[in-house]
file coords.pdb (PDB, C-alpha atoms)
ATOM      1  CA  MET A   1      23.316 -20.584 -52.213
ATOM      2  CA  THR A   2      24.437 -18.266 -49.393
ATOM      3  CA  GLU A   3      24.204 -14.537 -50.084
ATOM      4  CA  GLN A   4      27.245 -12.355 -49.529
ATOM      5  CA  ILE A   5      26.960 -10.086 -46.503
ATOM      6  CA  LYS A   6      25.926  -6.596 -47.552
ATOM      7  CA  PRO A   7      28.198  -3.865 -46.158
ATOM      8  CA  CYS A   8      25.290  -2.183 -44.364
ATOM      9  CA  TYR A   9      24.853  -5.275 -42.155
ATOM     10  CA  GLY A  10      28.437  -5.862 -41.043
ATOM     11  CA  SER A  11      28.313  -3.793 -37.850
ATOM     12  CA  GLU A  12      24.738  -4.901 -37.117
ATOM     13  CA  ILE A  13      25.811  -8.560 -37.176
ATOM     14  CA  GLN A  14      28.624  -7.975 -34.709
ATOM     15  CA  LYS A  15      26.534  -5.703 -32.471
ATOM     16  CA  THR A  16      23.717  -8.255 -32.204
ATOM     17  CA  ALA A  17      26.156 -11.081 -31.495
ATOM     18  CA  ASP A  18      27.942  -9.046 -28.819
ATOM     19  CA  GLU A  19      24.661  -8.234 -27.084
ATOM     20  CA  LEU A  20      23.546 -11.870 -27.089
ATOM     21  CA  ASN A  21      26.923 -13.142 -25.901
ATOM     22  CA  ARG A  22      26.541 -11.147 -22.701
ATOM     23  CA  PHE A  23      23.998 -13.851 -21.788
ATOM     24  CA  GLY A  24      25.935 -16.893 -22.909
ATOM     25  CA  ASN A  25      24.607 -19.088 -20.080
ATOM     26  CA  CYS A  26      20.953 -18.361 -20.946
ATOM     27  CA  PHE A  27      18.610 -19.955 -23.463
ATOM     28  CA  ARG A  28      19.081 -17.967 -26.695
ATOM     29  CA  PHE A  29      16.972 -18.215 -29.821
ATOM     30  CA  ALA A  30      16.158 -16.288 -32.982
ATOM     31  CA  VAL A  31      12.637 -15.202 -33.965
ATOM     32  CA  VAL A  32      11.476 -13.967 -37.369
ATOM     33  CA  THR A  33       7.989 -13.531 -38.767
ATOM     34  CA  ASP A  34       5.918 -12.530 -41.788
ATOM     35  CA  THR A  35       8.569 -13.054 -44.439
ATOM     36  CA  HIS A  36       5.922 -13.380 -47.203
ATOM     37  CA  LEU A  37       8.390 -14.572 -49.883
ATOM     38  CA  ASP A  38      10.131 -11.222 -49.524
ATOM     39  CA  ASN A  39      12.895 -10.312 -51.990
ATOM     40  CA  SER A  40      15.132  -9.493 -49.009
ATOM     41  CA  LEU A  41      14.754 -12.957 -47.483
ATOM     42  CA  PRO A  42      18.059 -14.423 -48.787
ATOM     43  CA  GLN A  43      19.947 -11.646 -47.002
ATOM     44  CA  THR A  44      17.897 -12.183 -43.833
ATOM     45  CA  LEU A  45      18.870 -15.853 -43.840
ATOM     46  CA  THR A  46      22.519 -14.882 -44.281
ATOM     47  CA  ASN A  47      22.273 -12.416 -41.401
ATOM     48  CA  ILE A  48      20.732 -15.029 -39.090
ATOM     49  CA  ARG A  49      23.413 -17.520 -40.129
ATOM     50  CA  GLU A  50      26.206 -15.034 -39.445
ATOM     51  CA  VAL A  51      24.910 -14.109 -35.985
ATOM     52  CA  ASP A  52      24.368 -17.805 -35.221
ATOM     53  CA  SER A  53      27.995 -18.538 -36.132
ATOM     54  CA  ARG A  54      29.056 -16.109 -33.389
ATOM     55  CA  VAL A  55      26.397 -17.033 -30.822
ATOM     56  CA  GLY A  56      25.101 -20.574 -31.347
ATOM     57  CA  PHE A  57      21.324 -20.176 -31.090
ATOM     58  CA  ASP A  58      19.489 -22.996 -29.342
ATOM     59  CA  CYS A  59      16.783 -22.759 -32.004
ATOM     60  CA  LEU A  60      15.064 -20.577 -34.593
ATOM     61  CA  LEU A  61      11.331 -19.852 -34.667
ATOM     62  CA  HIS A  62       9.287 -18.435 -37.527
ATOM     63  CA  LEU A  63       5.955 -17.027 -36.363
ATOM     64  CA  GLY A  64       4.148 -17.648 -39.646
ATOM     65  CA  ASP A  65       3.236 -16.194 -43.023
ATOM     66  CA  PHE A  66       6.042 -17.689 -45.036
ATOM     67  CA  LEU A  67       3.804 -17.236 -48.099
ATOM     68  CA  ASN A  68       1.248 -14.769 -49.465
ATOM     69  CA  GLY A  69      -1.659 -17.147 -50.014
ATOM     70  CA  SER A  70      -3.991 -17.399 -53.022
ATOM     71  CA  LEU A  71      -1.684 -19.691 -55.015
ATOM     72  CA  SER A  72      -2.597 -23.145 -56.289
ATOM     73  CA  ARG A  73      -2.459 -25.991 -53.798
ATOM     74  CA  SER A  74       0.368 -27.807 -55.566
ATOM     75  CA  TYR A  75       2.533 -24.695 -55.841
ATOM     76  CA  THR A  76       1.784 -23.779 -52.222
ATOM     77  CA  LYS A  77       2.991 -27.191 -51.058
ATOM     78  CA  GLN A  78       6.170 -26.845 -53.125
ATOM     79  CA  LEU A  79       6.945 -23.389 -51.761
ATOM     80  CA  LEU A  80       6.305 -24.428 -48.175
ATOM     81  CA  ASN A  81       8.764 -27.295 -48.513
ATOM     82  CA  GLU A  82      11.367 -24.969 -49.994
ATOM     83  CA  GLN A  83      10.897 -22.354 -47.270
ATOM     84  CA  MET A  84      11.241 -24.920 -44.501
ATOM     85  CA  GLU A  85      14.557 -26.128 -45.894
ATOM     86  CA  LEU A  86      15.904 -22.583 -46.192
ATOM     87  CA  PHE A  87      15.191 -21.721 -42.573
ATOM     88  CA  LYS A  88      16.176 -25.087 -41.144
ATOM     89  CA  ASP A  89      19.594 -24.839 -42.769
ATOM     90  CA  CYS A  90      20.447 -21.343 -41.558
ATOM     91  CA  ILE A  91      21.356 -22.214 -37.959
ATOM     92  CA  ALA A  92      23.938 -24.790 -36.958
ATOM     93  CA  SER A  93      21.666 -26.675 -34.543
ATOM     94  CA  ASN A  94      19.116 -27.222 -37.363
ATOM     95  CA  HIS A  95      16.415 -26.854 -34.711
ATOM     96  CA  PHE A  96      13.804 -24.844 -36.547
ATOM     97  CA  TYR A  97      10.240 -24.546 -35.232
ATOM     98  CA  PRO A  98       7.668 -23.208 -37.719
ATOM     99  CA  VAL A  99       4.317 -21.633 -36.837
ATOM    100  CA  GLU A 100       1.429 -21.727 -39.314
ATOM    101  CA  GLY A 101       0.342 -18.271 -40.535
ATOM    102  CA  ASN A 102      -2.975 -17.177 -42.008
ATOM    103  CA  HIS A 103      -1.413 -16.755 -45.478
ATOM    104  CA  ASP A 104       0.434 -20.079 -45.554
ATOM    105  CA  GLY A 105      -2.240 -21.743 -47.647
ATOM    106  CA  PHE A 106      -3.699 -22.100 -51.117
ATOM    107  CA  GLY A 107      -6.576 -19.975 -52.415
ATOM    108  CA  ASP A 108      -9.357 -19.983 -54.965
ATOM    109  CA  ARG A 109     -10.294 -16.402 -55.774
ATOM    110  CA  VAL A 110     -12.828 -17.502 -58.378
ATOM    111  CA  THR A 111     -15.300 -19.237 -56.078
ATOM    112  CA  LEU A 112     -14.148 -17.337 -52.959
ATOM    113  CA  HIS A 113     -14.878 -20.486 -50.973
ATOM    114  CA  THR A 114     -11.211 -21.193 -50.468
ATOM    115  CA  VAL A 115      -9.076 -18.397 -49.040
ATOM    116  CA  ASP A 116      -5.539 -19.229 -47.871
ATOM    117  CA  ILE A 117      -6.409 -22.706 -46.604
ATOM    118  CA  THR A 118      -3.726 -24.985 -45.190
ATOM    119  CA  PRO A 119      -5.082 -28.509 -44.671
ATOM    120  CA  ASP A 120      -3.500 -30.229 -41.695
ATOM    121  CA  GLU A 121      -2.032 -32.923 -43.925
ATOM    122  CA  ASP A 122      -0.238 -30.328 -46.101
ATOM    123  CA  TRP A 123       1.262 -28.507 -43.131
ATOM    124  CA  TYR A 124       2.251 -31.747 -41.438
ATOM    125  CA  GLU A 125       3.978 -32.971 -44.598
ATOM    126  CA  ALA A 126       5.963 -29.724 -44.875
ATOM    127  CA  THR A 127       6.929 -29.739 -41.190
ATOM    128  CA  LYS A 128       7.366 -33.452 -40.464
ATOM    129  CA  PHE A 129      11.075 -32.830 -39.806
ATOM    130  CA  VAL A 130      10.030 -31.423 -36.406
ATOM    131  CA  ASP A 131       9.130 -34.943 -35.277
ATOM    132  CA  SER A 132      12.748 -36.019 -35.733
ATOM    133  CA  TYR A 133      13.881 -33.699 -32.934
ATOM    134  CA  GLU A 134      14.261 -35.016 -29.409
ATOM    135  CA  ASN A 135      11.712 -34.155 -26.715
ATOM    136  CA  VAL A 136       8.959 -33.084 -29.132
ATOM    137  CA  GLY A 137       5.291 -33.803 -28.464
ATOM    138  CA  ARG A 138       2.877 -33.393 -31.369
ATOM    139  CA  ALA A 139      -0.597 -34.789 -31.871
ATOM    140  CA  PRO A 140      -0.411 -36.955 -35.022
ATOM    141  CA  GLY A 141      -0.932 -34.901 -38.172
ATOM    142  CA  LYS A 142      -1.584 -31.641 -36.328
ATOM    143  CA  PRO A 143       0.141 -28.237 -36.721
ATOM    144  CA  TYR A 144       0.618 -27.682 -32.990
ATOM    145  CA  PHE A 145       3.365 -29.191 -30.851
ATOM    146  CA  TYR A 146       5.667 -28.602 -27.914
ATOM    147  CA  VAL A 147       9.405 -29.098 -27.518
ATOM    148  CA  ASP A 148      11.304 -29.487 -24.261
ATOM    149  CA  TYR A 149      14.807 -28.513 -23.222
ATOM    150  CA  PRO A 150      14.983 -30.759 -20.127
ATOM    151  CA  ILE A 151      18.370 -29.669 -18.788
ATOM    152  CA  ARG A 152      17.263 -26.037 -18.845
ATOM    153  CA  LYS A 153      13.683 -26.953 -17.792
ATOM    154  CA  ILE A 154      12.118 -24.959 -20.624
ATOM    155  CA  ARG A 155       9.083 -25.868 -22.724
ATOM    156  CA  LEU A 156       8.225 -24.105 -26.005
ATOM    157  CA  ILE A 157       4.624 -24.495 -27.202
ATOM    158  CA  VAL A 158       3.692 -23.807 -30.825
ATOM    159  CA  LEU A 159      -0.014 -23.180 -31.412
ATOM    160  CA  CYS A 160      -2.055 -22.801 -34.600
ATOM    161  CA  THR A 161      -4.515 -19.899 -34.519
ATOM    162  CA  PHE A 162      -6.474 -20.895 -37.647
ATOM    163  CA  TYR A 163      -8.523 -23.852 -38.767
ATOM    164  CA  TYR A 164     -11.137 -24.529 -41.421
ATOM    165  CA  THR A 165     -14.405 -26.205 -42.262
ATOM    166  CA  GLY A 166     -15.372 -27.768 -45.579
ATOM    167  CA  TYR A 167     -17.964 -26.923 -48.206
ATOM    168  CA  ASP A 168     -19.430 -29.306 -50.723
ATOM    169  CA  GLY A 169     -17.161 -29.665 -53.686
ATOM    170  CA  LYS A 170     -13.486 -30.196 -54.324
ATOM    171  CA  GLU A 171     -11.034 -28.119 -52.258
ATOM    172  CA  GLN A 172     -13.637 -25.637 -51.071
ATOM    173  CA  PHE A 173     -13.230 -24.555 -47.469
ATOM    174  CA  LYS A 174     -13.979 -21.741 -45.065
ATOM    175  CA  LYS A 175     -11.158 -20.385 -42.900
ATOM    176  CA  LEU A 176     -11.865 -19.837 -39.209
ATOM    177  CA  TYR A 177      -9.860 -17.541 -36.943
ATOM    178  CA  GLY A 178      -9.173 -19.134 -33.583
ATOM    179  CA  THR A 179      -8.607 -22.673 -32.362
ATOM    180  CA  ASP A 180     -10.832 -25.731 -32.287
ATOM    181  CA  SER A 181     -11.768 -27.600 -29.111
ATOM    182  CA  LEU A 182      -9.264 -30.394 -29.827
ATOM    183  CA  GLN A 183      -6.317 -27.997 -29.697
ATOM    184  CA  ALA A 184      -7.681 -26.366 -26.539
ATOM    185  CA  GLU A 185      -7.930 -29.795 -24.872
ATOM    186  CA  TRP A 186      -4.403 -30.660 -26.014
ATOM    187  CA  LEU A 187      -3.081 -27.397 -24.569
ATOM    188  CA  LYS A 188      -4.814 -28.000 -21.239
ATOM    189  CA  ASN A 189      -4.185 -31.702 -20.767
ATOM    190  CA  THR A 190      -0.867 -32.243 -22.553
ATOM    191  CA  ALA A 191       1.162 -29.152 -23.477
ATOM    192  CA  LEU A 192       0.729 -27.407 -20.120
ATOM    193  CA  ASP A 193       1.362 -30.507 -18.039
ATOM    194  CA  VAL A 194       4.620 -29.007 -16.777
ATOM    195  CA  GLU A 195       6.480 -29.246 -13.467
ATOM    196  CA  LYS A 196       6.585 -26.196 -11.195
ATOM    197  CA  ASP A 197      10.291 -25.477 -11.692
ATOM    198  CA  TRP A 198       9.933 -25.202 -15.488
ATOM    199  CA  THR A 199       9.435 -22.116 -17.678
ATOM    200  CA  VAL A 200       6.932 -22.026 -20.539
ATOM    201  CA  MET A 201       6.743 -19.835 -23.654
ATOM    202  CA  ILE A 202       3.988 -19.937 -26.301
ATOM    203  CA  PHE A 203       4.385 -19.065 -29.992
ATOM    204  CA  SER A 204       1.521 -18.452 -32.437
ATOM    205  CA  HIS A 205       0.893 -16.324 -35.500
ATOM    206  CA  ASP A 206      -2.133 -14.411 -34.241
ATOM    207  CA  THR A 207      -3.195 -13.375 -30.767
ATOM    208  CA  PRO A 208      -6.075 -15.223 -29.075
ATOM    209  CA  PHE A 209      -7.966 -11.914 -29.001
ATOM    210  CA  VAL A 210      -8.833  -9.014 -31.278
ATOM    211  CA  TYR A 211      -8.147  -5.935 -29.159
ATOM    212  CA  PHE A 212      -5.171  -4.975 -26.978
ATOM    213  CA  ASP A 213      -7.148  -3.046 -24.343
ATOM    214  CA  GLU A 214      -9.881  -3.507 -21.751
ATOM    215  CA  ARG A 215     -12.142  -4.943 -24.466
ATOM    216  CA  VAL A 216      -9.837  -7.929 -24.882
ATOM    217  CA  CYS A 217     -12.337 -10.474 -23.519
ATOM    218  CA  GLU A 218     -15.524  -8.613 -24.414
ATOM    219  CA  ASN A 219     -17.178 -10.140 -27.470
ATOM    220  CA  ASN A 220     -13.885 -11.779 -28.421
ATOM    221  CA  ARG A 221     -14.304 -12.952 -32.027
ATOM    222  CA  GLN A 222     -11.302 -15.280 -31.905
ATOM    223  CA  ILE A 223     -12.883 -18.713 -31.503
ATOM    224  CA  ASN A 224     -11.917 -20.171 -28.095
ATOM    225  CA  GLY A 225      -9.540 -17.243 -27.560
ATOM    226  CA  ASN A 226     -10.737 -16.488 -24.037
ATOM    227  CA  LEU A 227     -10.676 -20.216 -23.281
ATOM    228  CA  LEU A 228      -7.007 -20.504 -24.307
ATOM    229  CA  MET A 229      -5.954 -17.615 -22.075
ATOM    230  CA  ASP A 230      -7.962 -19.036 -19.161
ATOM    231  CA  ILE A 231      -6.323 -22.444 -19.704
ATOM    232  CA  VAL A 232      -2.842 -20.910 -19.522
ATOM    233  CA  LYS A 233      -3.595 -18.871 -16.413
ATOM    234  CA  GLN A 234      -5.285 -21.786 -14.631
ATOM    235  CA  ALA A 235      -2.440 -24.191 -15.423
ATOM    236  CA  LYS A 236       0.142 -21.650 -14.263
ATOM    237  CA  ASN A 237      -1.689 -21.155 -10.965
ATOM    238  CA  GLU A 238      -2.340 -24.847 -10.338
ATOM    239  CA  LYS A 239       1.004 -26.304 -11.424
ATOM    240  CA  GLY A 240       3.238 -23.410 -10.401
ATOM    241  CA  PHE A 241       5.441 -23.168 -13.492
ATOM    242  CA  ASP A 242       6.685 -19.818 -14.789
ATOM    243  CA  PHE A 243       4.971 -18.434 -17.879
ATOM    244  CA  ALA A 244       7.448 -16.079 -19.542
ATOM    245  CA  ALA A 245       5.641 -14.767 -22.640
ATOM    246  CA  TRP A 246       3.350 -15.453 -25.592
ATOM    247  CA  PHE A 247       5.050 -14.497 -28.894
ATOM    248  CA  VAL A 248       3.024 -13.533 -31.994
ATOM    249  CA  GLY A 249       3.534 -12.011 -35.436
ATOM    250  CA  HIS A 250       0.699 -11.122 -37.844
ATOM    251  CA  TYR A 251       0.378  -7.428 -36.963
ATOM    252  CA  HIS A 252       3.569  -6.422 -38.821
ATOM    253  CA  GLY A 253       4.434  -4.067 -35.950
ATOM    254  CA  ASP A 254       6.057  -4.203 -32.509
ATOM    255  CA  TYR A 255       4.216  -4.406 -29.209
ATOM    256  CA  ILE A 256       5.157  -5.684 -25.781
ATOM    257  CA  GLY A 257       3.031  -5.735 -22.641
ATOM    258  CA  LYS A 258       0.614  -7.579 -20.406
ATOM    259  CA  VAL A 259      -2.810  -8.463 -21.837
ATOM    260  CA  ASN A 260      -5.452 -10.198 -19.731
ATOM    261  CA  GLY A 261      -2.808 -11.073 -17.167
ATOM    262  CA  LEU A 262      -0.348 -12.640 -19.644
ATOM    263  CA  ASN A 263       2.826 -11.240 -21.222
ATOM    264  CA  PHE A 264       2.501 -10.781 -24.989
ATOM    265  CA  ILE A 265       5.366  -9.970 -27.344
ATOM    266  CA  VAL A 266       4.443  -8.948 -30.903
ATOM    267  CA  ILE A 267       7.285  -8.923 -33.423
ATOM    268  CA  ALA A 268       7.169  -6.793 -36.574
ATOM    269  CA  SER A 269       7.382  -8.281 -40.058
ATOM    270  CA  GLU A 270      10.649  -9.055 -41.801
ATOM    271  CA  THR A 271       9.160  -7.482 -44.928
ATOM    272  CA  ALA A 272       9.933  -3.781 -45.270
ATOM    273  CA  TYR A 273       6.921  -2.257 -46.959
ATOM    274  CA  ILE A 274       4.679   0.746 -46.399
ATOM    275  CA  PRO A 275       1.865   1.428 -45.650
ATOM    276  CA  GLN A 276       1.115  -0.914 -42.804
ATOM    277  CA  LEU A 277      -2.393  -2.202 -42.371
ATOM    278  CA  TRP A 278      -3.416  -1.776 -38.743
ATOM    279  CA  ASP A 279      -3.210   0.716 -35.900
ATOM    280  CA  MET A 280      -0.928  -0.609 -33.189
ATOM    281  CA  PRO A 281      -2.107  -0.258 -29.579
ATOM    282  CA  ASP A 282      -0.622   2.257 -27.155
ATOM    283  CA  GLY A 283       3.009   1.380 -26.713
ATOM    284  CA  GLY A 284       3.197  -0.347 -30.109
ATOM    285  CA  CYS A 285       4.829   0.933 -33.279
ATOM    286  CA  TYR A 286       5.876   0.220 -36.854
ATOM    287  CA  PRO A 287       9.658   0.600 -37.050
ATOM    288  CA  LYS A 288      10.850   2.907 -39.815
ATOM    289  CA  ARG A 289      12.292   1.016 -42.785
ATOM    290  CA  GLN A 290      14.501   2.058 -45.674
ATOM    291  CA  LEU A 291      15.634  -0.303 -48.414
ATOM    292  CA  GLY A 292      19.371  -0.568 -48.909
ATOM    293  CA  THR A 293      20.125   0.194 -45.248
ATOM    294  CA  ASP A 294      20.320  -2.005 -42.154
ATOM    295  CA  THR A 295      16.633  -1.194 -41.488
ATOM    296  CA  GLU A 296      15.609  -3.276 -44.507
ATOM    297  CA  ASP A 297      15.973  -6.368 -42.312
ATOM    298  CA  LEU A 298      14.096  -7.092 -39.056
ATOM    299  CA  TRP A 299      14.227 -10.042 -36.653
ATOM    300  CA  ASP A 300      15.101 -10.661 -33.012
ATOM    301  CA  GLY A 301      17.757 -12.519 -31.115
ATOM    302  CA  ALA A 302      15.985 -13.458 -27.882
ATOM    303  CA  VAL A 303      17.197 -14.464 -24.437
ATOM    304  CA  LEU A 304      15.216 -16.273 -21.766
ATOM    305  CA  ASP A 305      17.000 -15.087 -18.631
ATOM    306  CA  LYS A 306      15.590 -17.421 -15.973
ATOM    307  CA  ASP A 307      17.857 -16.154 -13.176
ATOM    308  CA  ASN A 308      16.532 -12.619 -13.511
ATOM    309  CA  ARG A 309      13.040 -13.641 -14.734
ATOM    310  CA  LYS A 310      13.266 -11.598 -17.914
ATOM    311  CA  VAL A 311      12.784 -12.100 -21.635
ATOM    312  CA  ARG A 312      15.314  -9.931 -23.470
ATOM    313  CA  LEU A 313      14.969  -9.101 -27.175
ATOM    314  CA  PHE A 314      17.879  -7.795 -29.216
ATOM    315  CA  ARG A 315      16.692  -6.367 -32.513
ATOM    316  CA  PHE A 316      18.586  -6.957 -35.718
ATOM    317  CA  GLY A 317      17.766  -4.172 -38.178
ATOM    318  CA  ALA A 318      14.789  -1.854 -37.828
ATOM    319  CA  GLY A 319      13.449  -1.267 -34.339
ATOM    320  CA  LYS A 320      14.703  -1.307 -30.767
ATOM    321  CA  ASN A 321      15.825  -3.742 -28.104
ATOM    322  CA  ARG A 322      13.094  -4.664 -25.630
ATOM    323  CA  GLU A 323      12.629  -6.677 -22.458
ATOM    324  CA  ILE A 324       9.798  -7.838 -20.223
ATOM    325  CA  ASP A 325       9.692  -9.217 -16.687
ATOM    326  CA  TYR A 326       7.731 -12.325 -15.777
TER     327      TYR A 326
END
call {"tool": "encode", "arguments": {"input": "coords.pdb", "output": "structure tokens"}}
result
Amino acid sequence: MTEQIKPCYGSEIQKTADELNRFGNCFRFAVVTDTHLDNSLPQTLTNIREVDSRVGFDCLLHLGDFLNGSLSRSYTKQLLNEQMELFKDCIASNHFYPVEGNHDGFGDRVTLHTVDITPDEDWYEATKFVDSYENVGRAPGKPYFYVDYPIRKIRLIVLCTFYYTGYDGKEQFKKLYGTDSLQAEWLKNTALDVEKDWTVMIFSHDTPFVYFDERVCENNRQINGNLLMDIVKQAKNEKGFDFAAWFVGHYHGDYIGKVNGLNFIVIASETAYIPQLWDMPDGGCYPKRQLGTDTEDLWDGAVLDKDNRKVRLFRFGAGKNREIDY
């Protein structure tokens, strides 16, 4: 059931649509992250739907953490399926690309062996609709994939920044932060096999590193994190395509800048709660939120402006518009 538009969002809907429609010939998409089963989510979906009705987004991306983790496996699977349907149905194109978050899994707080685990088969079952889209490449049963927009010569790559290893016993696993060698090989040999006149963007829940400063590659605890960044930079140099930006959520705050030679865009959480959990790097921030106002919501309408080599972000709700050159 569609929520009625709250009065506080009326002008915000029109303002966001007007800003995006200035770039009607560009690739335009919506990005939201860290919804965590938030009570405000029905209104967020309505707001995205209303802006989409005025703009016509090419697609919608969710950067992960649909859930809060620590639920039973059966209930987690049910909720994931429900969340996917909600987001898929809120833009007219129905092109919805989900990213796996670190809390999109089931948990066992008794044994502590299982903490927010999402087996590949569970995620694939919840997101199998992606395979029905044209120009999608996904390794069978895996959470990572790419999707092409051939006329515009744009490739979107969705990565998974978590995996797991098993313990003895039923449904007992250990969660690992980073990517396994199979995904790294897929990124190098398949996803980044792109012609020189194309533009590439990457979307993941977490960054491939821990710090946002000069320590980014020093003792990087994200498994294969340095390898992933090296793969992207090497492919860009060898094949000559444009790499616009790497989008992430997870941090619940906003940040935009160049890290280890690559553009990174961090988008704050849709959930409006305080306190936040981490210190953002220099240039980053947690937008101020107030329930019952337009700052209760937070997501971005994004523009890939290939002619001017810019990514432009138009903020709906709390926060500011941003842009980055590539």
call {"tool": "residues_near_point", "arguments": {"input": "coords.pdb", "point": "(-9.4, -24.8, -36.4)", "cutoff": "6 Å", "atoms": "only C-alpha atoms", "output": "list in words"}}
result
Phe162, Tyr163, Tyr164, Thr179 and Asp180 of chain A
call {"tool": "write_last_selection", "arguments": {"input": "coords.pdb", "atoms": "C-alpha atoms", "output": "PDB file, keeping the file's coordinate frame"}}
result
ATOM      1  CA  PHE A 162      -6.474 -20.895 -37.647  1.00  0.00           C
ATOM      2  CA  TYR A 163      -8.523 -23.852 -38.767  1.00  0.00           C
ATOM      3  CA  TYR A 164     -11.137 -24.529 -41.421  1.00  0.00           C
ATOM      4  CA  THR A 179      -8.607 -22.673 -32.362  1.00  0.00           C
ATOM      5  CA  ASP A 180     -10.832 -25.731 -32.287  1.00  0.00           C
TER       6      ASP A 180
END
call {"tool": "resolve_selection", "arguments": {"input": "coords.pdb", "expression": "the PyMOL selection byres ((chain A and resi 212) around 7)", "output": "mmCIF file with C-alpha atoms, in the frame of the given file"}}
result
data_model
loop_
_atom_site.group_PDB
_atom_site.id
_atom_site.type_symbol
_atom_site.label_atom_id
_atom_site.label_comp_id
_atom_site.auth_asym_id
_atom_site.auth_seq_id
_atom_site.Cartn_x
_atom_site.Cartn_y
_atom_site.Cartn_z
ATOM 1 C CA VAL A 210 -8.833 -9.014 -31.278
ATOM 2 C CA TYR A 211 -8.147 -5.935 -29.159
ATOM 3 C CA ASP A 213 -7.148 -3.046 -24.343
ATOM 4 C CA VAL A 216 -9.837 -7.929 -24.882
ATOM 5 C CA VAL A 259 -2.810 -8.463 -21.837
ATOM 6 C CA PRO A 281 -2.107 -0.258 -29.579
#
call {"tool": "residues_near_point", "arguments": {"input": "coords.pdb", "point": "(1.2, -4.1, -23.8)", "cutoff": "12 Å", "atoms": "all atoms listed in the file", "output": "list in words"}}
result
Tyr211, Phe212, Asp213, Glu214, Val216, Ala245, Trp246, Asp254, Tyr255, Ile256, Gly257, Lys258, Val259, Asn260, Gly261, Leu262, Asn263, Phe264, Ile265, Val266, Met280, Pro281, Asp282, Gly283, Gly284, Cys285, Glu323 and Ile324 of chain A
call {"tool": "atom_distance", "arguments": {"input": "coords.pdb", "atom1": "CA of Thr114 (chain A)", "atom2": "CA of Gly178 (chain A)"}}
result
17.1 Å
call {"tool": "atom_distance", "arguments": {"input": "coords.pdb", "atom1": "CA of Asp89 (chain A)", "atom2": "CA of Thr35 (chain A)"}}
result
16.2 Å
call {"tool": "residues_around", "arguments": {"input": "coords.pdb", "residues": "Ser70 (chain A)", "least_positions_apart": "4", "cutoff": "7 Å", "atoms": "only C-alpha atoms", "output": "PyMOL selection string"}}
result
chain A and resi 106-109+115-116
call {"tool": "resolve_selection", "arguments": {"input": "coords.pdb", "expression": "the PyMOL selection byres ((chain A and resi 296) around 8)", "output": "JSON, numbers by chain"}}
result
{"A": [40, 271, 272, 289, 290, 291, 292, 293, 294, 295, 297, 298, 317, 318]}
call {"tool": "atom_distance", "arguments": {"input": "coords.pdb", "atom1": "CA of Cys26 (chain A)", "atom2": "CA of Phe96 (chain A)"}}
result
18.3 Å
call {"tool": "residues_around", "arguments": {"input": "coords.pdb", "residues": "region 119-135 of chain A", "least_positions_apart": "2", "cutoff": "8 Å", "atoms": "all atoms listed in the file", "output": "short mmCIF file (atom, residue, chain, number, x, y, z; two decimals) with C-alpha atoms, in the coordinates of the input"}}
result
data_model
loop_
_atom_site.label_atom_id
_atom_site.label_comp_id
_atom_site.auth_asym_id
_atom_site.auth_seq_id
_atom_site.Cartn_x
_atom_site.Cartn_y
_atom_site.Cartn_z
CA LYS A 77 2.99 -27.19 -51.06
CA LEU A 80 6.30 -24.43 -48.18
CA ASN A 81 8.76 -27.30 -48.51
CA MET A 84 11.24 -24.92 -44.50
CA HIS A 95 16.42 -26.85 -34.71
CA PHE A 96 13.80 -24.84 -36.55
CA TYR A 97 10.24 -24.55 -35.23
CA PRO A 98 7.67 -23.21 -37.72
CA GLU A 100 1.43 -21.73 -39.31
CA GLY A 105 -2.24 -21.74 -47.65
CA ILE A 117 -6.41 -22.71 -46.60
CA GLY A 137 5.29 -33.80 -28.46
CA ARG A 138 2.88 -33.39 -31.37
CA GLY A 141 -0.93 -34.90 -38.17
CA LYS A 142 -1.58 -31.64 -36.33
CA PRO A 143 0.14 -28.24 -36.72
CA VAL A 147 9.40 -29.10 -27.52
CA ASP A 148 11.30 -29.49 -24.26
CA TYR A 149 14.81 -28.51 -23.22
CA TYR A 164 -11.14 -24.53 -41.42
#
call {"tool": "closest_residue", "arguments": {"input": "coords.pdb", "among": "A:Asp307, A:Glu82, A:Asp206, A:Asp197", "to": "His103 (chain A)", "atoms": "all atoms listed in the file"}}
result
A:Asp206
call {"tool": "resolve_selection", "arguments": {"input": "coords.pdb", "expression": "the PyMOL selection byres ((chain A and resi 225) around 10)", "output": "list in words"}}
result
Thr161, Tyr177, Gly178, Thr179, Asp180, Ala184, Thr207, Pro208, Phe209, Val210, Val216, Cys217, Asn220, Arg221, Gln222, Ile223, Asn224, Asn226, Leu227, Leu228, Met229, Asp230 and Ile231 of chain A
call {"tool": "closest_residue", "arguments": {"input": "coords.pdb", "among": "A:Lys306, A:Arg22, A:His113, A:Lys174", "to": "Val200 (chain A)", "atoms": "all atoms listed in the file"}}
result
A:Lys306
call {"tool": "decode", "arguments": {"input": "coords.pdb", "residues": "region 57-69 of chain A", "atoms": "C-alpha atoms", "output": "PDB file, in the first residue's frame"}}
result
ATOM      1  CA  PHE A  57      15.074   7.090 -13.146  1.00  0.00           C
ATOM      2  CA  ASP A  58      17.058   4.605 -15.210  1.00  0.00           C
ATOM      3  CA  CYS A  59      17.420   2.449 -12.098  1.00  0.00           C
ATOM      4  CA  LEU A  60      17.440   2.339  -8.302  1.00  0.00           C
ATOM      5  CA  LEU A  61      20.313   1.002  -6.198  1.00  0.00           C
ATOM      6  CA  HIS A  62      20.266   0.030  -2.535  1.00  0.00           C
ATOM      7  CA  LEU A  63      23.753  -0.117  -1.034  1.00  0.00           C
ATOM      8  CA  GLY A  64      22.892  -2.719   1.595  1.00  0.00           C
ATOM      9  CA  ASP A  65      21.674  -3.282   5.138  1.00  0.00           C
ATOM     10  CA  PHE A  66      18.021  -3.781   4.386  1.00  0.00           C
ATOM     11  CA  LEU A  67      17.816  -5.680   7.695  1.00  0.00           C
ATOM     12  CA  ASN A  68      19.295  -5.537  11.199  1.00  0.00           C
ATOM     13  CA  GLY A  69      20.690  -9.062  11.413  1.00  0.00           C
TER      14      GLY A  69
END
